[in-house]
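Enquirer: Please find one structure pasted underneath; my questions will follow.
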Number of protein chains: 4
Amino acid sequence: MTLTPSSAPARKSFGSDNHAGAHPAVLRALGDAKLGDTTAYGDDPWTARATAQLAGLFGASGVFLVFNGTAANVLGISLMLRPYEAVVCADGAHLNVDECGAAERIVGCKLLPVPAADGKLTPELVASRLGGRGDEHRAQPRAVAITQVTEVGTCYTLEELRRLGEFCRVNDLLVYMDGARLANAAAFLGCSLADLAASADVLSFGGTKNGAVGAEALIVMNASLAAAARFQRKQQMQLASKMRYLAAQFIALLEDQLWLRNAQHANAMARRLADGVGGAPGVRVQQPVESNGVFAALDPALIETLRREWSFSVWDARDHVVRWMAAFDTTEEDVDAFVAAIRAAAGALTG
Amino acid sequence: MTLTPSSAPARKSFGSDNHAGAHPAVLRALGDAKLGDTTAYGDDPWTARATAQLAGLFGASGVFLVFNGTAANVLGISLMLRPYEAVVCADGAHLNVDECGAAERIVGCKLLPVPAADGKLTPELVASRLGGRGDEHRAQPRAVAITQVTEVGTCYTLEELRRLGEFCRVNDLLVYMDGARLANAAAFLGCSLADLAASADVLSFGGTKNGAVGAEALIVMNASLAAAARFQRKQQMQLASKMRYLAAQFIALLEDQLWLRNAQHANAMARRLADGVGGAPGVRVQQPVESNGVFAALDPALIETLRREWSFSVWDARDHVVRWMAAFDTTEEDVDAFVAAIRAAAGALTG
Amino acid sequence: MTLTPSSAPARKSFGSDNHAGAHPAVLRALGDAKLGDTTAYGDDPWTARATAQLAGLFGASGVFLVFNGTAANVLGISLMLRPYEAVVCADGAHLNVDECGAAERIVGCKLLPVPAADGKLTPELVASRLGGRGDEHRAQPRAVAITQVTEVGTCYTLEELRRLGEFCRVNDLLVYMDGARLANAAAFLGCSLADLAASADVLSFGGTKNGAVGAEALIVMNASLAAAARFQRKQQMQLASKMRYLAAQFIALLEDQLWLRNAQHANAMARRLADGVGGAPGVRVQQPVESNGVFAALDPALIETLRREWSFSVWDARDHVVRWMAAFDTTEEDVDAFVAAIRAAAGALTG
Amino acid sequence: MTLTPSSAPARKSFGSDNHAGAHPAVLRALGDAKLGDTTAYGDDPWTARATAQLAGLFGASGVFLVFNGTAANVLGISLMLRPYEAVVCADGAHLNVDECGAAERIVGCKLLPVPAADGKLTPELVASRLGGRGDEHRAQPRAVAITQVTEVGTCYTLEELRRLGEFCRVNDLLVYMDGARLANAAAFLGCSLADLAASADVLSFGGTKNGAVGAEALIVMNASLAAAARFQRKQQMQLASKMRYLAAQFIALLEDQLWLRNAQHANAMARRLADGVGGAPGVRVQQPVESNGVFAALDPALIETLRREWSFSVWDARDHVVRWMAAFDTTEEDVDAFVAAIRAAAGALTG
């Protein structure tokens, strides 16, 4: 049964990297994993292989597959905190704004958000939320959660990560890294996954936006935090019975570095898009393009015109900032058609 | 990449219905769902179709796809309770013993377990846990959670469901039904899904054990409980971004009643197995065989011998009760080979 | 046994209104409540009297005595929220900064803080946090928590309360009012407790800072929220077995409006203090003095000098803002001596 | 203002040891603690003295005053558990049946209750709930909660405590002891508080039922659990601002071992009551009288007759078991009058 997605835009969506389907290699891997019985709940050869490969790439103490990015974030911070401890994060962090209060309800922790226009925390910003340590009236800061790639498409440099990690170590803070788009950061920075993870105690590695059907890996670097993870994964409703199907997705993404090629391609498409609209009237790119997203302030009329035919998000309605996302399957033709549409609409605006 | 599952038993597993892989039709449906972009988080035509079909079959107010059975149970009861309310359940309920305390931690509720040898609650058993209503020192019973098929393979008859539902209605109790194997109950009872759901306020409909890769549906019958569900699903980390891939699995299972045929077949294989071992020395079937599982007390030496070559669970180590599960892909040959092995080992024991 | 509090400052503390002991009338009431047996957990004549009096004064649907202010706040908001709902509050709210994350852990809710220099929310400030309603990725704003008197000593006028309440009603938001110092607001505004409560769904009325040993009342105005309160009070560990001793404290405070006289006096002492330091070099009163607290920016050297002999808090270390609190038992002589010390130190500074 | 408690029974209540008022020495101590200012939140000389004395008596690592017994229990177990860990307890434990689900909601843990007719756990009973350790589907047993005096008036002997403690140590289980009536156990066993605490990691020491207005102490023996306690006490809404008034109550109870004399007296009154009704027709004492309570099965008609004039609880309606509690202020005359009434009613029954 093939369903024609009638509600889907006829044109390539720039709305989100999860508007794309799954990569054909991932789907093939699901098919391949169907043969024969295997033990449930991760005691199977696919899971053994995927987690061993991931552990090797990251230099990790433990790898735990989960269903989605919110789950990885919640499970990750739940490993770090006692009941009265808090997490410093950027105010725009997915953890803070896009998870329906899961951290507060499921972990029961307070988040201590800091404004960060470029999505990145610095030692100075973290320090601004460390008041009241030792005072029992205050939730005690214990972890710092960062996102790499950030929610606004920027990347921490390795030096920024190192400096932040060092600050946290000195200040008895653990580091969680939301890596829903970690592949895109590795692609942009030209570094290894282990390089990215070096300053983190726990991090996630996202498969879904990279071409999976739906699979994320929680990577535990700090060995003291690993033992509790499998219990908390189960309790947090993230233990797949037929785990082989999560594992198979990662096996496909890891083979011949498909994950990296997918990320490099998506990043290149975002770069092409940003370059293509350069100088167009009424279009001002807002953030450095360091991944697969372009954030741009547009003339409001331009937004209205473009959305009639193209799918993308208005990121900040007040300041008319839009988000354009490229995916592993965005083509040069898709980008060029979108650029042409933007330039045409922008020209009409000023004409 | 095809991995040979070396750790998997060469022989068909009777260990669990989730030792099986996914049904080919389900895997094909995943492949079919790959084409083109679509909106994330369930605003897509596959989800619209699957949830509409399910709502129709059940006569439901709302249908919410989630990743696994524990999640369906937790989300389901979380819709029913205020913070001080409790759930009456059988002491062997999955919710009580196999979810790592998720109900207590994620929902924050007390469970009030009742011993039930055949896994089934009755009005009388529920009534035994209703003491202290109105007394602020006691968690207040508000919901009754039952499992259909139960954890020991038995089924509530429609009359038992009706009677229990009526008792609950009169006593201001909501009914949650864990339907991880609801298809098997429908197959055994020869009734519709709507018949099974008639006395429930919320129930789950399991896809995973029926042949899915991993997908369950939460079915909300009571309209007053539906509005909160999508928020709580997200908060409970169960909102799939590429929801089409959960939906596609149900679309495949619903097409031409594949779900029912799978369940009928698995039930028949369990029946064949129970019949086959009838009269074998040292083998005593313990529960009525009303679904795809056979529970039998074995001579301990028999357990030891059989487990060298066959995969199955020891359900109750003290009383030497084992659980043999059939799946949608268990064949008559699989069963017959297992029966022959059991009878041979039993014969050797007494010989 | 009388203990000389050797660590206590020889001079009157301006550190907090809870540095004071209890009012003699309150202590007498405890003694009077000792005679004879009575039923526990609030089914006693003292509790009946105190709660009836409070219900009358506020026009309330229910009154629930608890042990402290944090408990009143947590219980109050817990009555209002479903699991995915959030509370808009001022960023300096006690609920947000001084309760060790109790709202997040005990209620499990997200707080949505708004910067508010004078401690007061406005419809405009609340509106700034209402984005994402209906979007399942966002915790859903459902309640607005305000503090009257605010944490910086200011009072909402009745008109401000009315306007905020109207905004909330129109926007389907419930109002919680932290009234740890509600008596001081009534004294400053010259209005009744019912006037203050008119726009609130639930509020607290603080006894402790007003002269009690330790007792707060949760006042439920919105009848639909009252039924759950006694269960949640118990679950939140706030049900006193010998409740008569909480009730007796309120009976004493309510008799001949002792609560109001205590508050009027404390307010007058703060006013006298603010007036007394007017024009002193290096002293700049920061907030309108509308209750029993004075917030002043001081020359840093002045802070250092004064703290050698006087007890008060540094409210904001960065901006050198101090908080001076008067209590029901602060005398004119106490204030005058403190004023003299401040003026002397300030003079020495400039001299 | 002295209120005549009209609803209180004219006769001494045998309903609960918290039907009594506070001991005069406790009330005097509250009055004495009123003089002068002192720092809030426990940084005061009364608290220093009370906690030092308690730490000395128990040999404790930390002492934390809280408002009531439920709070002590919840705080105590919250110090011991990671999110996926569970507590083994007797099925009749206060923690399990009389705290409105606080353990489940506030701590988020699962309780694993074991039937225990005399209220006492044994190593064998605990062992029966240790299945599934290491299995991520099961909440992991980590603590054992016992009550001393138990809910049915019995006492663990020191040898029973030692044996249970040893079992727990060997099995990597922590021990929590609910000591709401610990004084009565010390009085019955003729041992020190340190003796009682020797096998516990954390325990509570109840003041309220011993003559306090309302005060309990959480005693942390295991040094590794102490650091988190003050934060979790605050978060759990148990930090008194005017802490001196909790401390003063303990100072009064500790002076000249008033706590012990109160307990000895109450125990003696229960003994006198049990002896007095010995052999009365229709009265069968059910549990060894090892503290200040008498549990007796009565002829149902006797219950009805007696409750017309006397206050006591029906503990088990099905088996017609009543609970008669003596308090520190129960007199011999009170007991004798009650005995006479019981014997008269019993005689009339058989006459």
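In the structure tokens, each chain is lettered A, B, ... as it comes, each chain's residues begin at 1, and ligands are numbered from 1 in order of appearance.
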Once you count only C-alpha atoms, what closest atom pair and distance in Å to one decimal does each residue of chain D within 6 Å of chain C have, with rows by chain and rising residue number, as JSON lines?
Expert:
```
{"residue": "D:Thr2", "atom": "CA", "partner": "C:Asp32", "partner_atom": "CA", "distance": 5.4}
{"residue": "D:Pro5", "atom": "CA", "partner": "C:Pro45", "partner_atom": "CA", "distance": 5.6}
{"residue": "D:Ala8", "atom": "CA", "partner": "C:Thr38", "partner_atom": "CA", "distance": 4.8}
{"residue": "D:His19", "atom": "CA", "partner": "C:Thr38", "partner_atom": "CA", "distance": 5.1}
{"residue": "D:Ala20", "atom": "CA", "partner": "C:Asp37", "partner_atom": "CA", "distance": 4.7}
{"residue": "D:Gly21", "atom": "CA", "partner": "C:Lys34", "partner_atom": "CA", "distance": 4.8}
{"residue": "D:Ala22", "atom": "CA", "partner": "C:Lys34", "partner_atom": "CA", "distance": 5.9}
{"residue": "D:Asp32", "atom": "CA", "partner": "C:Thr2", "partner_atom": "CA", "distance": 5.4}
{"residue": "D:Lys34", "atom": "CA", "partner": "C:Gly21", "partner_atom": "CA", "distance": 4.8}
{"residue": "D:Asp37", "atom": "CA", "partner": "C:Ala20", "partner_atom": "CA", "distance": 4.8}
{"residue": "D:Thr38", "atom": "CA", "partner": "C:Ala8", "partner_atom": "CA", "distance": 4.8}
{"residue": "D:Thr39", "atom": "CA", "partner": "C:His19", "partner_atom": "CA", "distance": 5.3}
{"residue": "D:Ala40", "atom": "CA", "partner": "C:His19", "partner_atom": "CA", "distance": 5.6}
{"residue": "D:Pro45", "atom": "CA", "partner": "C:Pro5", "partner_atom": "CA", "distance": 5.6}
{"residue": "D:Thr70", "atom": "CA", "partner": "C:Met237", "partner_atom": "CA", "distance": 5.8}
{"residue": "D:Ala71", "atom": "CA", "partner": "C:Met237", "partner_atom": "CA", "distance": 5.2}
{"residue": "D:Cys100", "atom": "CA", "partner": "C:Gln235", "partner_atom": "CA", "distance": 5.1}
{"residue": "D:Ala102", "atom": "CA", "partner": "C:Gln235", "partner_atom": "CA", "distance": 4.8}
{"residue": "D:Ile106", "atom": "CA", "partner": "C:Ile106", "partner_atom": "CA", "distance": 5.9}
{"residue": "D:Gln235", "atom": "CA", "partner": "C:Ala102", "partner_atom": "CA", "distance": 4.8}
{"residue": "D:Met237", "atom": "CA", "partner": "C:Ala71", "partner_atom": "CA", "distance": 5.2}
```
Enquirer: Please dump the current selection as a JSON list (two decimals), in the first residue's frame; keep N, CA, C and O atoms.
Expert:
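Output contents, as saved in part.json:
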```
[["chain", "number", "residue", "atom", "x", "y", "z"],
["D", 2, "THR", "N", -9.68, 31.04, 75.77],
["D", 2, "THR", "CA", -9.69, 29.60, 75.98],
["D", 2, "THR", "C", -10.97, 29.02, 75.40],
["D", 2, "THR", "O", -12.06, 29.46, 75.73],
["D", 5, "PRO", "N", -13.29, 22.64, 74.20],
["D", 5, "PRO", "CA", -13.42, 21.74, 73.05],
["D", 5, "PRO", "C", -14.68, 20.89, 73.12],
["D", 5, "PRO", "O", -14.68, 19.75, 73.58],
["D", 8, "ALA", "N", -14.83, 17.44, 71.77],
["D", 8, "ALA", "CA", -13.96, 16.43, 72.37],
["D", 8, "ALA", "C", -14.75, 15.61, 73.37],
["D", 8, "ALA", "O", -15.66, 16.12, 74.02],
["D", 19, "HIS", "N", -4.35, 12.47, 70.24],
["D", 19, "HIS", "CA", -5.52, 13.20, 70.74],
["D", 19, "HIS", "C", -5.16, 14.03, 71.97],
["D", 19, "HIS", "O", -5.88, 14.97, 72.33],
["D", 20, "ALA", "N", -4.06, 13.64, 72.62],
["D", 20, "ALA", "CA", -3.61, 14.41, 73.77],
["D", 20, "ALA", "C", -3.08, 15.77, 73.33],
["D", 20, "ALA", "O", -2.67, 15.94, 72.18],
["D", 21, "GLY", "N", -3.09, 16.69, 74.22],
["D", 21, "GLY", "CA", -2.45, 17.98, 73.97],
["D", 21, "GLY", "C", -0.94, 17.84, 74.12],
["D", 21, "GLY", "O", -0.39, 16.73, 74.09],
["D", 22, "ALA", "N", -0.28, 18.97, 74.30],
["D", 22, "ALA", "CA", 1.17, 18.95, 74.50],
["D", 22, "ALA", "C", 1.48, 18.91, 75.98],
["D", 22, "ALA", "O", 0.69, 19.35, 76.83],
["D", 32, "ASP", "N", 9.53, 30.12, 76.55],
["D", 32, "ASP", "CA", 10.90, 30.54, 76.84],
["D", 32, "ASP", "C", 11.67, 30.91, 75.58],
["D", 32, "ASP", "O", 12.61, 31.70, 75.61],
["D", 34, "LYS", "N", 10.76, 32.54, 73.17],
["D", 34, "LYS", "CA", 10.25, 33.72, 72.47],
["D", 34, "LYS", "C", 11.15, 34.93, 72.57],
["D", 34, "LYS", "O", 11.01, 35.89, 71.82],
["D", 37, "ASP", "N", 15.52, 38.23, 69.13],
["D", 37, "ASP", "CA", 15.65, 37.78, 67.75],
["D", 37, "ASP", "C", 16.63, 36.62, 67.66],
["D", 37, "ASP", "O", 17.51, 36.46, 68.51],
["D", 38, "THR", "N", 16.47, 35.85, 66.63],
["D", 38, "THR", "CA", 17.50, 34.87, 66.31],
["D", 38, "THR", "C", 17.43, 34.59, 64.82],
["D", 38, "THR", "O", 16.41, 34.86, 64.17],
["D", 39, "THR", "N", 18.50, 34.07, 64.29],
["D", 39, "THR", "CA", 18.53, 33.78, 62.87],
["D", 39, "THR", "C", 17.51, 32.69, 62.54],
["D", 39, "THR", "O", 17.23, 31.83, 63.37],
["D", 40, "ALA", "N", 16.99, 32.77, 61.35],
["D", 40, "ALA", "CA", 15.95, 31.81, 60.94],
["D", 40, "ALA", "C", 16.56, 30.55, 60.37],
["D", 40, "ALA", "O", 17.77, 30.43, 60.23],
["D", 45, "PRO", "N", 20.62, 29.11, 68.48],
["D", 45, "PRO", "CA", 21.18, 28.30, 69.58],
["D", 45, "PRO", "C", 20.25, 27.17, 70.03],
["D", 45, "PRO", "O", 20.74, 26.14, 70.49],
["D", 70, "THR", "N", 4.92, 11.81, 58.68],
["D", 70, "THR", "CA", 4.93, 11.49, 57.25],
["D", 70, "THR", "C", 6.12, 12.17, 56.58],
["D", 70, "THR", "O", 6.81, 11.58, 55.74],
["D", 71, "ALA", "N", 6.38, 13.38, 56.97],
["D", 71, "ALA", "CA", 7.51, 14.11, 56.39],
["D", 71, "ALA", "C", 8.83, 13.45, 56.73],
["D", 71, "ALA", "O", 9.73, 13.35, 55.89],
["D", 100, "CYS", "N", -1.19, 8.77, 52.09],
["D", 100, "CYS", "CA", -1.84, 9.26, 50.86],
["D", 100, "CYS", "C", -0.92, 9.16, 49.63],
["D", 100, "CYS", "O", -0.96, 10.02, 48.75],
["D", 102, "ALA", "N", 2.31, 9.44, 49.46],
["D", 102, "ALA", "CA", 3.40, 10.42, 49.43],
["D", 102, "ALA", "C", 4.71, 9.81, 48.93],
["D", 102, "ALA", "O", 5.45, 10.44, 48.17],
["D", 106, "ILE", "N", 6.00, 11.89, 46.03],
["D", 106, "ILE", "CA", 7.05, 12.85, 46.39],
["D", 106, "ILE", "C", 8.43, 12.25, 46.12],
["D", 106, "ILE", "O", 9.30, 12.91, 45.56],
["D", 235, "GLN", "N", 13.28, 21.37, 50.08],
["D", 235, "GLN", "CA", 12.49, 21.09, 48.89],
["D", 235, "GLN", "C", 11.17, 20.39, 49.24],
["D", 235, "GLN", "O", 10.15, 20.61, 48.61],
["D", 237, "MET", "N", 9.48, 20.96, 51.76],
["D", 237, "MET", "CA", 8.62, 21.93, 52.47],
["D", 237, "MET", "C", 8.62, 21.71, 53.98],
["D", 237, "MET", "O", 7.63, 21.93, 54.65]]
```
Enquirer: Any idea what's packed within 6 Å of A:Phe295, counting only C-alpha atoms, ignoring anything in its chain fewer than 6 positions away? Could you give it as a ChimeraX atom specification?
Expert: /A:285-286,322-323
Enquirer: Which residues come within 6 Å of stretch 140-157 of chain C, counting only C-alpha atoms, excluding same-chain residues fewer than 2 positions away, as a PyMOL selection string?
Expert: chain C and resi 85-89+119+133+138+159-160+173-179+181-182+185+290-291+293
Enquirer: Let's see if you can do this: from backbone DSSP, list all alpha helix (DSSP H) residues in stretch 177-256 of chain B, as a compact mmCIF listing (two decimals) with N, CA, C and O atoms, in the first residue's frame.
Expert:
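Here's the written file selection-v1.txt:
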```txt
# COMPACT_ATOMS: atom_id res chain seq x y z
N LEU B 182 -4.13 -7.44 22.76
CA LEU B 182 -5.57 -7.33 22.56
C LEU B 182 -6.02 -8.11 21.32
O LEU B 182 -7.11 -8.71 21.31
N ALA B 183 -5.20 -8.12 20.30
CA ALA B 183 -5.55 -8.85 19.08
C ALA B 183 -5.79 -10.32 19.39
O ALA B 183 -6.72 -10.93 18.86
N ASN B 184 -4.96 -10.88 20.26
CA ASN B 184 -5.14 -12.29 20.61
C ASN B 184 -6.45 -12.53 21.35
O ASN B 184 -7.05 -13.59 21.22
N ALA B 185 -6.87 -11.56 22.14
CA ALA B 185 -8.16 -11.68 22.83
C ALA B 185 -9.30 -11.64 21.83
O ALA B 185 -10.24 -12.44 21.90
N ALA B 186 -9.22 -10.72 20.88
CA ALA B 186 -10.27 -10.63 19.87
C ALA B 186 -10.35 -11.94 19.08
O ALA B 186 -11.43 -12.44 18.77
N ALA B 187 -9.18 -12.49 18.78
CA ALA B 187 -9.15 -13.75 18.02
C ALA B 187 -9.75 -14.88 18.85
O ALA B 187 -10.51 -15.71 18.34
N PHE B 188 -9.42 -14.94 20.11
CA PHE B 188 -9.92 -16.03 20.95
C PHE B 188 -11.42 -15.91 21.18
O PHE B 188 -12.16 -16.89 21.10
N LEU B 189 -11.86 -14.68 21.47
CA LEU B 189 -13.27 -14.48 21.82
C LEU B 189 -14.15 -14.37 20.58
O LEU B 189 -15.38 -14.46 20.68
N LEU B 193 -13.00 -5.43 18.11
CA LEU B 193 -12.23 -4.56 19.01
C LEU B 193 -13.15 -3.63 19.78
O LEU B 193 -12.91 -3.33 20.95
N ALA B 194 -14.20 -3.19 19.13
CA ALA B 194 -15.16 -2.33 19.82
C ALA B 194 -15.83 -3.07 20.98
O ALA B 194 -16.07 -2.49 22.05
N ASP B 195 -16.12 -4.35 20.78
CA ASP B 195 -16.70 -5.15 21.88
C ASP B 195 -15.74 -5.15 23.07
O ASP B 195 -16.16 -5.01 24.23
N LEU B 196 -14.47 -5.37 22.78
CA LEU B 196 -13.49 -5.45 23.87
C LEU B 196 -13.35 -4.12 24.60
O LEU B 196 -13.08 -4.07 25.80
N ALA B 197 -13.50 -3.04 23.84
CA ALA B 197 -13.26 -1.71 24.40
C ALA B 197 -14.47 -1.13 25.10
O ALA B 197 -14.37 -0.09 25.76
N ALA B 229 -4.21 14.22 26.12
CA ALA B 229 -3.33 13.11 25.72
C ALA B 229 -2.15 13.55 24.87
O ALA B 229 -1.04 13.07 25.04
N ARG B 230 -2.38 14.48 23.95
CA ARG B 230 -1.25 14.78 23.07
C ARG B 230 -0.16 15.54 23.81
O ARG B 230 1.02 15.35 23.53
N PHE B 231 -0.54 16.35 24.79
CA PHE B 231 0.48 17.03 25.59
C PHE B 231 1.25 16.02 26.45
O PHE B 231 2.46 16.05 26.56
N GLN B 232 0.52 15.12 27.07
CA GLN B 232 1.18 14.18 27.96
C GLN B 232 2.01 13.15 27.16
O GLN B 232 3.05 12.71 27.63
N ARG B 233 1.56 12.83 25.95
CA ARG B 233 2.40 11.97 25.11
C ARG B 233 3.75 12.65 24.84
O ARG B 233 4.80 12.02 24.95
N LYS B 234 3.70 13.91 24.48
CA LYS B 234 4.96 14.62 24.21
C LYS B 234 5.82 14.67 25.47
O LYS B 234 7.01 14.37 25.45
N GLN B 235 5.19 15.06 26.59
CA GLN B 235 5.95 15.19 27.83
C GLN B 235 6.54 13.85 28.24
O GLN B 235 7.62 13.79 28.83
N ARG B 244 4.94 9.12 10.65
CA ARG B 244 4.44 8.27 9.56
C ARG B 244 4.92 6.83 9.68
O ARG B 244 4.24 5.92 9.24
N TYR B 245 6.10 6.65 10.29
CA TYR B 245 6.63 5.29 10.38
C TYR B 245 5.98 4.47 11.48
O TYR B 245 6.02 3.25 11.45
N LEU B 246 5.42 5.10 12.46
CA LEU B 246 4.57 4.35 13.40
C LEU B 246 3.23 4.05 12.73
O LEU B 246 2.70 2.94 12.82
N ALA B 247 2.70 5.06 12.08
CA ALA B 247 1.39 4.91 11.45
C ALA B 247 1.41 3.84 10.38
O ALA B 247 0.48 3.02 10.26
N ALA B 248 2.48 3.82 9.60
CA ALA B 248 2.55 2.86 8.49
C ALA B 248 2.48 1.43 9.01
O ALA B 248 1.92 0.55 8.35
N GLN B 249 3.05 1.20 10.18
CA GLN B 249 2.99 -0.15 10.73
C GLN B 249 1.55 -0.55 11.02
O GLN B 249 1.14 -1.69 10.75
N PHE B 250 0.78 0.37 11.56
CA PHE B 250 -0.63 0.04 11.82
C PHE B 250 -1.43 -0.09 10.53
O PHE B 250 -2.32 -0.93 10.42
N ILE B 251 -1.09 0.75 9.57
CA ILE B 251 -1.79 0.63 8.30
C ILE B 251 -1.60 -0.78 7.73
O ILE B 251 -2.56 -1.43 7.27
N ALA B 252 -0.38 -1.28 7.82
CA ALA B 252 -0.12 -2.64 7.32
C ALA B 252 -0.88 -3.69 8.12
O ALA B 252 -1.45 -4.63 7.57
N LEU B 253 -0.89 -3.53 9.45
CA LEU B 253 -1.57 -4.53 10.28
C LEU B 253 -3.08 -4.50 10.11
O LEU B 253 -3.75 -5.52 10.27
N LEU B 254 -3.60 -3.31 9.79
CA LEU B 254 -5.05 -3.20 9.65
C LEU B 254 -5.53 -3.68 8.28
O LEU B 254 -6.70 -4.06 8.13
```
Enquirer: Would you give me, as a PyMOL selection string, the residues in stretch 52-118 of chain D that DSSP reads as strand (DSSP E)?
Expert: chain D and resi 62-66+85-90+110-114
Enquirer: With only C-alpha atoms as the basis for distance, which of D:Asp91, D:His137, D:Trp324, D:Arg162 is at the shortest distance from D:Pro123?
Expert: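 Selected residue with least distance to D:Pro123: D:Arg162.
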